[in-house]
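> Questions regarding the structure given below will be posed in turn.
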Amino acid sequence: MHGPPPLPPLKAKDYKSDVKPIWCAGCGHFAVLSAITKSLAHLALPREQVALVSGIGCSSRLPAYTHVYGFHGIHGRALPIATGLKVARPDLTVLVTGGDGDGFSIGGNHFMHACRRNLDLTYIVMDNEVYGMTKGQASPTTPPDWTESKLTPHGTGLPSFNPAAIALAAGAGFIARGFSGDPSGLTDLLTEAIQYPGFAFIHVLSPCVTFHPEQKAWKQTVHEQTQTTTADRVVAAQRLQQDDRMATGLIFRSPANARTEHAAPAHPATLEQMAARFLTG
Amino acid sequence: MDRKTDLSETRSLSVAIIGSGGSGVVTTGKILLESIARFGLYALMTRSSGPQIRGGESAIMLRVADRPVASLDDHFDLLLALDWLNVDRFADELPISTESIILRDSDQGEVPPRFNLSPEQQLAAPLSQLAAESENGRANMVGLGLLAQLMGLPLETVKETAQDILKRKGDAVLASSLLCIEQGYGQAPEKKIVTPLTQPASPTTRWNISGNEASGLGAVQGGIRFVAAYPITPASELLEWLAPNLERLGGGLVQAEDELASVNMIIGASFGGVPSLTATSGPGLSLMMEGLGLAVASETPVVVSNVMRGGPSTGIPTKSEQSDLNLALYGLHGDAPHLVLSALSIRDSVFTTEWAVKLAETLQTVAIVLSDQSQGQARAVIDPPTSPMLEGKRKLAVEHADYRRYALTEDAVSPMAIPGDADCMYTADGLEHNQLGTPSATATDHQLQLDKRRNKLSGFDYGDDWADIGGEGDICLITWGSASGAAREAAERLTRAGYPTRTVAVRLLSPLPIARFSAAIEGTTHQLVVEQNHGAQFYDYLNARKVLPPTAGSLARPGPLPLRPQEIVNHIMKGL
């Protein structure tokens with residue numbers, strides 16, 4: 001067999017596009033973009049077999065910065081677009097990116113149902129506890145006493161959303177926390193998440209240097225989790241109620257396999273046979 | 001004008017069966033309809049039910065003729081009442097004339113005075129008593145036998161049909177049902193109360209299909225292989241038909257968490273190269289609007305089958321109205337050209353849905369198909385439907401060098417790459433973009449892409465399928481969707497009475513082919529726009545398009561009562 005000479009393996013930069021990100025200098029999302037492209041290169045995935053789907057927000061701009069298939073949709077609906085794509089095209093590797101407002105507020109219902117639907121998707125949420133694109137309003141993960149937004153001058157007064165705990169309760173099989181300040185740790189988590197045969201949720205702490213400059217201190221407060229990954233949902237639930245939400249690593253990994261919506265038809269039929277069922281008599 | 005003289009040519013028999021929920025009205029209707037089909041005649045059967053799942057009111061209205069039936073008649077010739085519970089809730093839907101006969105179960109009390117019948121118009125039969133004679137016997141089956149006898153249907157045909165329809169209920173139920181049918185059949189009154197049906201000489205091939213099933217079949221014939229949807233009345237049967245049938249075709253259906261999800265799921269699947277559809281009704285369509293704008297902007301073909309019901313808000317979920325036209329035309333924010341079509345009958349639901357899929361795929365846009373409860377949940381015996389000539393395939397990327405997803409082309413349709421195509425990677429975007437698909441907020445790119453998205457629709461030749469046009473005359477009835485049936489029959493009655501009338505039933509509502517529309521109404525002097533909604537939405541739309549003469553009139557009446565032919569005839573006669 002003499003085919004064309006094998007192409008040189010793709011490098012991380014081959015998965016990047018020429019489009020310049022709109023992100024502020026120092027934004028955590030740059031490192032997440034890099035980690036994603038490194039994981040894709042590490043897994044040697046053909047670019048045309050990868051699709052990156054997003055909603056609206058700073059982090060949702062990410063697909064345009066990659067050189068794979070992308071869909072930049074509308075606010076909160078990245079997971080439904082990815083769900084339709086994955087069911088229709090199970091051969092593709094489908095990644096979903098977005099922020100805390102997109103995923104946990106306007107898209108909160110889809111987050112729960114994507115977890116329980118358990119399709120083979122990787123959902124990467126870049127959490128900076130703020131709506132950056134609309135200039136700094138409180139999101140579901142913003143601390144209750146944050147008073148920097150004119151919209152909520154007294155703070156939201158609401159307890160912040162615990163994404164990993166919600167994902168666990170909704171049935172996600174793979175739950176991890178990463179940090180944009182630890183790109184190599186994040187790349188490893190992403191690589192494992194993409195390979196996981198089911199819905200993988202990665203909660204990435206990704207600072208907003210513009211509206212939350214104090215998040216620069218995450219460099220000091222974020223730490224690796226001390227416990228090993230558990231496959232026990234009860235143990236994971238307990239840990240997630242007790243942890244400081246700053247611990248990185250793979251928290252929970254279920255041995256259960258992903259669901260595939262598309263099975264070979266048990267009783268195939270042609271269009272003609274379908275129409276014939278309406279014949280009278 | 002005298003309706004009697006018309007009947008000599010459009011001879012038909014109208015029968016209604018009423019009862020409380022659970023009394024078996026719908027099953028009785030199904031067996032009767034299929035028996036009529038096997039006898040060789042055409043029929044239309046609509047259904048009316050209350051919001052209750054069990055124990056509410058239920059009615060079927062059936063009209064039989066020796067030619068296709070597209071509308072209910074003005075009155076019922078024969079009404080069978082299994083009981084009178086909740087009858088007040090739908091008595092309005094049961095117009096009775098001085099010649100109508102009401103047949104009641106003698107155990108269920110007198111005919112309510114609101115029907116205002118003479119004693120000669122009332123008949124009682126011991127339906128429950130006869131049913132009680134056999135184990136598991138049911139009054140509805142006795143009533144079916146009696147109806148079949150009065151209508152002139154052969155007992156064997158009805159029994160065979162019942163056997164086919166009831167066989168999954170088990171031998172015991174089937175045996176007692178057949179016994180009840182026989183007993184009812186033997187209960188013929190002494191006098192002949194309706195003219196019995198006559199069997200045609202050579203029955204041809206017929207279909208027995210509901211409007212929702214017809215839409216489903218049209219969808220898969222058009223190429224739909226992925227559906228995501230959220231249950232809603234009266235569209236759910238469409239989804240229930242699609243779920244197993246998509247599976248048989250190697251496709252799939254996802255029940256989404258809400259309509260926001262379902263519309264975005266079909267966008268994702270279509271982006272993946274699989275023609276996709278969702279079905280819903282008004283409230284769901286409202287929720288989908290932002291997603292449909294995304295499909296327009298990203299040029300991702302999707303189809304929405306919207307089975308209308310009474311609105312606004314939750315409205316009258318189980319009853320029909322043509323009041324989502326404005327939403328379908330104008331609901332999207334921004335300048336978002338897309339296709340809006342209407343299915344003109346149960347039979348046409350196959351054609352129009354198939355055409356909508358093919359147009360959406362060809363033009364890489366959104367197509368909303370409007371049907372409604374009176375059509376979707378009705379069944380009819382029809383001639384086999386036809387298919388559009390349009391091939392209806394997506395223009396795919398073949399040139400991979402220097403690929404531009406939103407390239408400006410002669411027909412304004414850009415070749416679409418599908419994930420898996422090497423070297424064509426692009427990002428579909430709801431943000432305004434340049435030809436490459438890269439987000440762009442420049443005035444030039446916005447203008448070019450707006451022009452492109454408009455021109456691909458306005459420059460396409462939709463051919464003669466944009467409307468069904470029939471008849472010649474001074475009078476012109478302009479209509480759309482399910483109202484077409486009553487309008488067509490009104491036109492026939494007017495023509496026979498010496499007032500030649502044309503009907504223009506519009507299938508492609510947007511973009512409206514202006515020149516063809518003008519040609520279609522040319523030469524007519526009295527135009528009337530007929531539709532079933534309160535706001536005269538179609539009339540206003542046509543006026544905004546400046547295609548109507550200033551003298552054109554409007555007959556716009558809200559649901560839930562169906563438009564009936566004589567109502568349209570009377571409206572015309574009043575204006576002449």
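Order determines the names: the first chain of the structure tokens is A, the second B, and so forth; residues in each chain are numbered 1 upward, and ligands are numbered 1 upward as they are shown.
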When you look at stretch 414-428 of chain B with a cut-off of 7 Å (counting only C-alpha atoms), what residues show up, excluding the ones that are within fewer than 4 positions of it in the same chain? I need them as a list in words.
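Close residues of stretch 414-428 of chain B: Glu48, Gln49, Pro63, Ala64, His67, Val68, Tyr69, Gly70, Phe71 and His72 of chain A; Phe271, Gly272, Gly273, Ser298, Lys395, Leu396, Ala397, His400, Tyr403, Arg405, Tyr406, Ala407, Leu408, Thr409 and Gly437 of chain B.
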> Among stretch 83-254 of chain B, which residues does DSSP mark as strand (DSSP E or B) when it is run on the backbone? Keep the chain and numbering as in the structure and answer as a PDB file with N, CA, C and O atoms, in the first residue's frame.

```pdb
ATOM      1  N   ILE B  96     -77.710  22.719  14.340  1.00  0.00           N
ATOM      2  CA  ILE B  96     -78.813  21.805  14.046  1.00  0.00           C
ATOM      3  C   ILE B  96     -79.811  22.564  13.172  1.00  0.00           C
ATOM      4  O   ILE B  96     -80.053  23.746  13.401  1.00  0.00           O
ATOM      5  N   SER B  97     -80.389  21.911  12.191  1.00  0.00           N
ATOM      6  CA  SER B  97     -81.407  22.569  11.361  1.00  0.00           C
ATOM      7  C   SER B  97     -82.775  21.963  11.673  1.00  0.00           C
ATOM      8  O   SER B  97     -82.901  21.057  12.503  1.00  0.00           O
ATOM      9  N   THR B  98     -83.768  22.449  11.000  1.00  0.00           N
ATOM     10  CA  THR B  98     -85.119  21.913  11.236  1.00  0.00           C
ATOM     11  C   THR B  98     -85.273  20.497  10.679  1.00  0.00           C
ATOM     12  O   THR B  98     -86.297  19.866  10.877  1.00  0.00           O
ATOM     13  N   GLU B  99     -84.272  20.056   9.973  1.00  0.00           N
ATOM     14  CA  GLU B  99     -84.354  18.688   9.444  1.00  0.00           C
ATOM     15  C   GLU B  99     -83.425  17.725  10.148  1.00  0.00           C
ATOM     16  O   GLU B  99     -83.361  16.540   9.825  1.00  0.00           O
ATOM     17  N   SER B 100     -82.650  18.228  11.085  1.00  0.00           N
ATOM     18  CA  SER B 100     -81.706  17.352  11.793  1.00  0.00           C
ATOM     19  C   SER B 100     -82.457  16.360  12.674  1.00  0.00           C
ATOM     20  O   SER B 100     -83.539  16.656  13.184  1.00  0.00           O
ATOM     21  N   ILE B 101     -81.848  15.224  12.832  1.00  0.00           N
ATOM     22  CA  ILE B 101     -82.415  14.197  13.717  1.00  0.00           C
ATOM     23  C   ILE B 101     -81.417  13.963  14.856  1.00  0.00           C
ATOM     24  O   ILE B 101     -80.222  13.792  14.609  1.00  0.00           O
ATOM     25  N   ILE B 102     -81.946  13.965  16.079  1.00  0.00           N
ATOM     26  CA  ILE B 102     -81.085  13.603  17.204  1.00  0.00           C
ATOM     27  C   ILE B 102     -81.534  12.246  17.729  1.00  0.00           C
ATOM     28  O   ILE B 102     -82.707  11.999  17.975  1.00  0.00           O
ATOM     29  N   LEU B 103     -80.540  11.419  17.874  1.00  0.00           N
ATOM     30  CA  LEU B 103     -80.760  10.040  18.299  1.00  0.00           C
ATOM     31  C   LEU B 103     -80.123   9.916  19.670  1.00  0.00           C
ATOM     32  O   LEU B 103     -78.935  10.190  19.823  1.00  0.00           O
ATOM     33  N   ARG B 104     -80.914   9.553  20.684  1.00  0.00           N
ATOM     34  CA  ARG B 104     -80.328   9.524  22.021  1.00  0.00           C
ATOM     35  C   ARG B 104     -80.493   8.159  22.655  1.00  0.00           C
ATOM     36  O   ARG B 104     -81.363   7.376  22.258  1.00  0.00           O
ATOM     37  N   ASP B 105     -79.672   7.915  23.631  1.00  0.00           N
ATOM     38  CA  ASP B 105     -79.792   6.703  24.430  1.00  0.00           C
ATOM     39  C   ASP B 105     -81.006   6.893  25.341  1.00  0.00           C
ATOM     40  O   ASP B 105     -81.083   7.876  26.073  1.00  0.00           O
ATOM     41  N   GLN B 122     -86.710  13.802  17.111  1.00  0.00           N
ATOM     42  CA  GLN B 122     -86.038  13.120  18.214  1.00  0.00           C
ATOM     43  C   GLN B 122     -86.336  11.633  18.184  1.00  0.00           C
ATOM     44  O   GLN B 122     -87.486  11.232  18.038  1.00  0.00           O
ATOM     45  N   LEU B 123     -85.327  10.861  18.353  1.00  0.00           N
ATOM     46  CA  LEU B 123     -85.490   9.414  18.423  1.00  0.00           C
ATOM     47  C   LEU B 123     -84.696   8.890  19.613  1.00  0.00           C
ATOM     48  O   LEU B 123     -83.625   9.388  19.922  1.00  0.00           O
ATOM     49  N   ALA B 124     -85.248   7.893  20.264  1.00  0.00           N
ATOM     50  CA  ALA B 124     -84.532   7.280  21.378  1.00  0.00           C
ATOM     51  C   ALA B 124     -84.332   5.808  21.078  1.00  0.00           C
ATOM     52  O   ALA B 124     -85.192   5.167  20.474  1.00  0.00           O
ATOM     53  N   ALA B 125     -83.188   5.282  21.464  1.00  0.00           N
ATOM     54  CA  ALA B 125     -82.932   3.848  21.291  1.00  0.00           C
ATOM     55  C   ALA B 125     -82.288   3.331  22.577  1.00  0.00           C
ATOM     56  O   ALA B 125     -81.528   4.046  23.227  1.00  0.00           O
ATOM     57  N   TRP B 207     -56.618   6.987   1.094  1.00  0.00           N
ATOM     58  CA  TRP B 207     -55.874   7.009   2.354  1.00  0.00           C
ATOM     59  C   TRP B 207     -56.795   7.465   3.469  1.00  0.00           C
ATOM     60  O   TRP B 207     -57.661   8.301   3.243  1.00  0.00           O
ATOM     61  N   ASN B 208     -56.513   6.954   4.667  1.00  0.00           N
ATOM     62  CA  ASN B 208     -57.193   7.413   5.876  1.00  0.00           C
ATOM     63  C   ASN B 208     -56.099   7.979   6.773  1.00  0.00           C
ATOM     64  O   ASN B 208     -55.252   7.254   7.281  1.00  0.00           O
ATOM     65  N   ILE B 209     -56.089   9.306   6.933  1.00  0.00           N
ATOM     66  CA  ILE B 209     -54.933   9.952   7.564  1.00  0.00           C
ATOM     67  C   ILE B 209     -55.377  11.209   8.322  1.00  0.00           C
ATOM     68  O   ILE B 209     -56.354  11.855   7.936  1.00  0.00           O
ATOM     69  N   SER B 210     -54.668  11.533   9.390  1.00  0.00           N
ATOM     70  CA  SER B 210     -54.951  12.781  10.112  1.00  0.00           C
ATOM     71  C   SER B 210     -54.016  13.870   9.589  1.00  0.00           C
ATOM     72  O   SER B 210     -52.983  13.581   8.977  1.00  0.00           O
ATOM     73  N   PHE B 226     -34.096  14.359  11.788  1.00  0.00           N
ATOM     74  CA  PHE B 226     -33.929  14.676  13.205  1.00  0.00           C
ATOM     75  C   PHE B 226     -35.035  15.630  13.628  1.00  0.00           C
ATOM     76  O   PHE B 226     -35.334  16.597  12.934  1.00  0.00           O
ATOM     77  N   VAL B 227     -35.619  15.316  14.780  1.00  0.00           N
ATOM     78  CA  VAL B 227     -36.657  16.173  15.350  1.00  0.00           C
ATOM     79  C   VAL B 227     -36.377  16.338  16.836  1.00  0.00           C
ATOM     80  O   VAL B 227     -36.015  15.370  17.517  1.00  0.00           O
ATOM     81  N   ALA B 228     -36.481  17.552  17.333  1.00  0.00           N
ATOM     82  CA  ALA B 228     -36.475  17.787  18.775  1.00  0.00           C
ATOM     83  C   ALA B 228     -37.703  18.608  19.072  1.00  0.00           C
ATOM     84  O   ALA B 228     -38.046  19.508  18.304  1.00  0.00           O
ATOM     85  N   ALA B 229     -38.383  18.294  20.157  1.00  0.00           N
ATOM     86  CA  ALA B 229     -39.639  18.993  20.426  1.00  0.00           C
ATOM     87  C   ALA B 229     -40.046  18.828  21.873  1.00  0.00           C
ATOM     88  O   ALA B 229     -39.553  17.945  22.589  1.00  0.00           O
ATOM     89  N   GLY B 252     -33.789  10.206  14.346  1.00  0.00           N
ATOM     90  CA  GLY B 252     -34.124  10.198  15.761  1.00  0.00           C
ATOM     91  C   GLY B 252     -34.899  11.411  16.203  1.00  0.00           C
ATOM     92  O   GLY B 252     -34.949  12.426  15.499  1.00  0.00           O
ATOM     93  N   LEU B 253     -35.547  11.254  17.352  1.00  0.00           N
ATOM     94  CA  LEU B 253     -36.305  12.348  17.950  1.00  0.00           C
ATOM     95  C   LEU B 253     -35.872  12.496  19.394  1.00  0.00           C
ATOM     96  O   LEU B 253     -35.740  11.519  20.119  1.00  0.00           O
ATOM     97  N   VAL B 254     -35.630  13.737  19.818  1.00  0.00           N
ATOM     98  CA  VAL B 254     -35.292  14.012  21.201  1.00  0.00           C
ATOM     99  C   VAL B 254     -36.426  14.823  21.822  1.00  0.00           C
ATOM    100  O   VAL B 254     -36.846  15.830  21.255  1.00  0.00           O
TER     101      VAL B 254
END
```
> Would you pick out the contacts of B:Leu339 at 7 Å or less, using only C-alpha atoms, so that residues sharing its chain but fewer than 3 positions from it are not included, and give the list as a ChimeraX atom specification?
/B:366-368,510-511
> Just to be explicit: take each residue in the selection above, keep C-alpha atoms, and write the result as a PDB file, in the first residue's frame.

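Heads up, here's the output in again.pdb:
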```pdb
ATOM      1  CA  VAL B 366     -36.233  28.903   8.334  1.00  0.00           C
ATOM      2  CA  ALA B 367     -39.604  27.623   7.133  1.00  0.00           C
ATOM      3  CA  ILE B 368     -42.631  27.879   9.419  1.00  0.00           C
ATOM      4  CA  SER B 510     -44.063  34.749   2.866  1.00  0.00           C
ATOM      5  CA  PRO B 511     -42.382  35.845   0.759  1.00  0.00           C
TER       6      PRO B 511
END
```
> Could you find all residues in stretch 163-357 of chain B that DSSP calls alpha helix (DSSP H) from the backbone, and write them as number ranges by chain?
B: 163-166, 171-185, 211-222, 236-248, 259-271, 282-298, 325-330, 346-357
> Select residues of chain A: the criterion is any atom within 7 Å of an atom of chain B, counting only C-alpha atoms; output as a PyMOL selection string.
chain A and resi 48-49+63-64+67-74+77+80-85+88-89+113+262+264-265+267-271+278-281
> What's around B:Val340 at 10 Å? Count only C-alpha atoms, leave out sequence neighbours fewer than 2 positions away in its own chain, and write the answer as a PyMOL selection string.
chain B and resi 303-304+325+328-329+337-338+342+356+366-370+507-512
> Could you dump the residues just selected with all heavy atoms as a CSV table (one decimal), in the first residue's frame?

```
chain,number,residue,atom,x,y,z
B,303,VAL,N,-37.1,23.6,10.0
B,303,VAL,CA,-38.5,23.7,9.7
B,303,VAL,C,-39.3,23.6,11.0
B,303,VAL,O,-38.9,22.8,11.9
B,303,VAL,CB,-39.0,22.6,8.8
B,303,VAL,CG1,-40.5,22.7,8.5
B,303,VAL,CG2,-38.2,22.6,7.5
B,304,VAL,N,-40.3,24.5,11.2
B,304,VAL,CA,-41.2,24.5,12.3
B,304,VAL,C,-42.6,24.2,11.8
B,304,VAL,O,-43.1,24.9,11.0
B,304,VAL,CB,-41.2,25.8,13.1
B,304,VAL,CG1,-42.1,25.7,14.3
B,304,VAL,CG2,-39.8,26.2,13.5
B,325,LEU,N,-50.6,33.8,12.6
B,325,LEU,CA,-50.0,34.3,11.4
B,325,LEU,C,-49.0,35.5,11.7
B,325,LEU,O,-47.9,35.5,11.2
B,325,LEU,CB,-51.1,34.8,10.4
B,325,LEU,CG,-50.5,35.4,9.1
B,325,LEU,CD1,-49.7,34.4,8.3
B,325,LEU,CD2,-51.7,35.9,8.2
B,328,ALA,N,-45.8,34.3,13.2
B,328,ALA,CA,-45.0,33.6,12.2
B,328,ALA,C,-44.3,34.5,11.2
B,328,ALA,O,-43.2,34.4,10.8
B,328,ALA,CB,-45.8,32.5,11.4
B,329,LEU,N,-45.1,35.6,10.9
B,329,LEU,CA,-44.5,36.6,9.9
B,329,LEU,C,-43.5,37.5,10.5
B,329,LEU,O,-42.5,37.8,10.0
B,329,LEU,CB,-45.7,37.4,9.3
B,329,LEU,CG,-46.6,36.7,8.3
B,329,LEU,CD1,-47.8,37.6,8.0
B,329,LEU,CD2,-45.9,36.3,7.0
B,337,PRO,N,-35.6,37.7,7.1
B,337,PRO,CA,-36.5,37.1,6.2
B,337,PRO,C,-36.5,35.5,6.3
B,337,PRO,O,-35.4,34.9,6.5
B,337,PRO,CB,-35.9,37.5,4.8
B,337,PRO,CG,-34.6,38.2,5.1
B,337,PRO,CD,-34.5,38.4,6.6
B,338,HIS,N,-37.7,35.0,6.2
B,338,HIS,CA,-37.8,33.5,6.3
B,338,HIS,C,-39.1,33.1,5.5
B,338,HIS,O,-39.8,34.0,5.1
B,338,HIS,CB,-37.8,33.1,7.7
B,338,HIS,CG,-38.9,33.7,8.5
B,338,HIS,ND1,-38.9,35.0,9.0
B,338,HIS,CD2,-40.2,33.2,8.9
B,338,HIS,CE1,-40.1,35.2,9.6
B,338,HIS,NE2,-40.8,34.2,9.6
B,342,SER,N,-48.6,27.7,4.5
B,342,SER,CA,-49.8,27.2,5.2
B,342,SER,C,-50.3,25.9,4.4
B,342,SER,O,-50.3,25.9,3.2
B,342,SER,CB,-50.9,28.2,5.2
B,342,SER,OG,-51.7,28.3,4.0
B,356,ALA,N,-42.0,22.6,2.2
B,356,ALA,CA,-41.3,23.5,3.2
B,356,ALA,C,-39.9,23.0,3.5
B,356,ALA,O,-38.9,23.7,3.6
B,356,ALA,CB,-42.1,23.6,4.5
B,366,VAL,N,-35.2,29.4,7.5
B,366,VAL,CA,-36.2,28.9,8.3
B,366,VAL,C,-37.5,28.8,7.5
B,366,VAL,O,-37.9,29.7,6.8
B,366,VAL,CB,-36.4,29.9,9.5
B,366,VAL,CG1,-37.7,29.6,10.3
B,366,VAL,CG2,-35.2,29.9,10.4
B,367,ALA,N,-38.2,27.7,7.7
B,367,ALA,CA,-39.6,27.6,7.1
B,367,ALA,C,-40.6,27.3,8.3
B,367,ALA,O,-40.3,26.3,9.0
B,367,ALA,CB,-39.7,26.5,6.1
B,368,ILE,N,-41.6,28.1,8.4
B,368,ILE,CA,-42.6,27.9,9.4
B,368,ILE,C,-43.9,27.4,8.6
B,368,ILE,O,-44.3,28.1,7.7
B,368,ILE,CB,-43.0,29.1,10.3
B,368,ILE,CG1,-41.7,29.6,11.0
B,368,ILE,CG2,-44.1,28.8,11.2
B,368,ILE,CD1,-41.9,31.0,11.7
B,369,VAL,N,-44.4,26.3,9.0
B,369,VAL,CA,-45.6,25.7,8.3
B,369,VAL,C,-46.7,25.9,9.3
B,369,VAL,O,-46.7,25.3,10.4
B,369,VAL,CB,-45.4,24.3,7.9
B,369,VAL,CG1,-46.6,23.8,7.1
B,369,VAL,CG2,-44.2,24.0,7.1
B,370,LEU,N,-47.8,26.6,8.9
B,370,LEU,CA,-48.9,26.8,9.7
B,370,LEU,C,-50.0,25.8,9.4
B,370,LEU,O,-50.5,25.7,8.2
B,370,LEU,CB,-49.5,28.2,9.6
B,370,LEU,CG,-48.5,29.3,10.0
B,370,LEU,CD1,-49.1,30.7,9.7
B,370,LEU,CD2,-48.1,29.2,11.5
B,507,ARG,N,-50.7,29.2,-0.3
B,507,ARG,CA,-49.8,28.2,0.4
B,507,ARG,C,-48.5,28.8,0.9
B,507,ARG,O,-48.0,28.6,1.9
B,507,ARG,CB,-49.5,27.0,-0.6
B,507,ARG,CG,-48.7,25.9,0.1
B,507,ARG,CD,-48.5,24.8,-0.9
B,507,ARG,NE,-49.7,23.9,-1.1
B,507,ARG,CZ,-50.3,23.9,-2.3
B,507,ARG,NH1,-49.9,24.5,-3.3
B,507,ARG,NH2,-51.4,23.1,-2.4
B,508,LEU,N,-47.9,29.7,0.0
B,508,LEU,CA,-46.7,30.4,0.4
B,508,LEU,C,-47.1,31.8,0.8
B,508,LEU,O,-47.3,32.7,0.0
B,508,LEU,CB,-45.7,30.4,-0.8
B,508,LEU,CG,-44.4,31.2,-0.5
B,508,LEU,CD1,-43.6,30.4,0.5
B,508,LEU,CD2,-43.6,31.4,-1.8
B,509,LEU,N,-47.1,32.0,2.1
B,509,LEU,CA,-47.6,33.3,2.7
B,509,LEU,C,-46.4,34.3,2.7
B,509,LEU,O,-46.7,35.5,2.5
B,509,LEU,CB,-48.1,33.1,4.1
B,509,LEU,CG,-49.3,32.1,4.2
B,509,LEU,CD1,-49.5,31.7,5.7
B,509,LEU,CD2,-50.5,32.8,3.7
B,510,SER,N,-45.2,33.8,2.9
B,510,SER,CA,-44.1,34.7,2.9
B,510,SER,C,-42.8,34.0,2.4
B,510,SER,O,-42.5,32.9,2.9
B,510,SER,CB,-43.8,35.3,4.3
B,510,SER,OG,-42.8,36.2,4.2
B,511,PRO,N,-42.1,34.6,1.4
B,511,PRO,CA,-42.4,35.8,0.8
B,511,PRO,C,-43.6,35.7,-0.2
B,511,PRO,O,-43.6,34.7,-1.0
B,511,PRO,CB,-41.1,36.2,0.0
B,511,PRO,CG,-40.4,34.9,-0.2
B,511,PRO,CD,-40.8,34.0,1.0
B,512,LEU,N,-44.5,36.6,-0.2
B,512,LEU,CA,-45.7,36.5,-1.0
B,512,LEU,C,-45.3,36.8,-2.5
B,512,LEU,O,-44.7,37.9,-2.7
B,512,LEU,CB,-46.7,37.5,-0.5
B,512,LEU,CG,-48.1,37.4,-1.3
B,512,LEU,CD1,-48.8,36.2,-0.8
B,512,LEU,CD2,-48.9,38.7,-1.0
```
> Can you tell me which residues surround B:Thr495 at a distance of at most 9 Å, considering only C-alpha atoms, apart from same-chain residues fewer than 4 positions away, and format the answer as a PDB file with N, CA, C and O atoms, in the first residue's frame?

```pdb
ATOM      1  N   GLY B 471     -61.626  28.009 -10.113  1.00  0.00           N
ATOM      2  CA  GLY B 471     -62.836  28.723 -10.502  1.00  0.00           C
ATOM      3  C   GLY B 471     -62.575  30.038 -11.207  1.00  0.00           C
ATOM      4  O   GLY B 471     -61.478  30.584 -11.143  1.00  0.00           O
ATOM      5  N   GLU B 472     -63.587  30.484 -11.927  1.00  0.00           N
ATOM      6  CA  GLU B 472     -63.522  31.764 -12.634  1.00  0.00           C
ATOM      7  C   GLU B 472     -64.745  32.572 -12.234  1.00  0.00           C
ATOM      8  O   GLU B 472     -65.822  32.008 -12.055  1.00  0.00           O
ATOM      9  N   GLY B 473     -64.599  33.870 -12.130  1.00  0.00           N
ATOM     10  CA  GLY B 473     -65.776  34.668 -11.819  1.00  0.00           C
ATOM     11  C   GLY B 473     -65.431  36.053 -11.344  1.00  0.00           C
ATOM     12  O   GLY B 473     -64.257  36.409 -11.249  1.00  0.00           O
ATOM     13  N   ALA B 490     -67.844  27.260  -0.412  1.00  0.00           N
ATOM     14  CA  ALA B 490     -68.676  28.460  -0.574  1.00  0.00           C
ATOM     15  C   ALA B 490     -68.624  28.935  -2.025  1.00  0.00           C
ATOM     16  O   ALA B 490     -69.652  29.306  -2.607  1.00  0.00           O
ATOM     17  N   ALA B 491     -67.433  28.898  -2.613  1.00  0.00           N
ATOM     18  CA  ALA B 491     -67.278  29.334  -4.011  1.00  0.00           C
ATOM     19  C   ALA B 491     -68.092  28.453  -4.949  1.00  0.00           C
ATOM     20  O   ALA B 491     -68.731  28.940  -5.883  1.00  0.00           O
ATOM     21  N   TYR B 499     -73.495  33.000  -9.221  1.00  0.00           N
ATOM     22  CA  TYR B 499     -72.510  34.033  -8.883  1.00  0.00           C
ATOM     23  C   TYR B 499     -71.110  33.418  -9.004  1.00  0.00           C
ATOM     24  O   TYR B 499     -70.542  32.963  -8.009  1.00  0.00           O
ATOM     25  N   PRO B 500     -70.582  33.383 -10.223  1.00  0.00           N
ATOM     26  CA  PRO B 500     -69.300  32.693 -10.428  1.00  0.00           C
ATOM     27  C   PRO B 500     -68.208  33.236  -9.493  1.00  0.00           C
ATOM     28  O   PRO B 500     -68.064  34.460  -9.363  1.00  0.00           O
ATOM     29  N   THR B 501     -67.523  32.342  -8.847  1.00  0.00           N
ATOM     30  CA  THR B 501     -66.563  32.723  -7.806  1.00  0.00           C
ATOM     31  C   THR B 501     -65.240  31.975  -7.969  1.00  0.00           C
ATOM     32  O   THR B 501     -65.231  30.782  -8.276  1.00  0.00           O
ATOM     33  N   ARG B 502     -64.179  32.705  -7.778  1.00  0.00           N
ATOM     34  CA  ARG B 502     -62.834  32.123  -7.813  1.00  0.00           C
ATOM     35  C   ARG B 502     -62.315  31.993  -6.378  1.00  0.00           C
ATOM     36  O   ARG B 502     -62.674  32.779  -5.509  1.00  0.00           O
TER      37      ARG B 502
END
```
> Excluding same-chain residues fewer than 2 positions from A:Ile106, what lies within 6 Å of it counting only C-alpha atoms, as a PyMOL selection string?
chain A and resi 76+102+108
> Which of these, A:Gly173, A:Pro159, A:Pro153, A:Gly28, has the shortest distance to A:Val125 once you count only C-alpha atoms?
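For A:Val125, the nearest of the candidates is A:Gly28.
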> Could you tell me how far atom CA of B:Gln129 sits from atom CA of B:Arg47, in Å to one decimal place?
26.9 Å
> What's the 9 Å shell around A:Gly157, counting only C-alpha atoms, without same-chain residues fewer than 3 positions away, as an NGL selection string?
:A and (143-146 or 154)
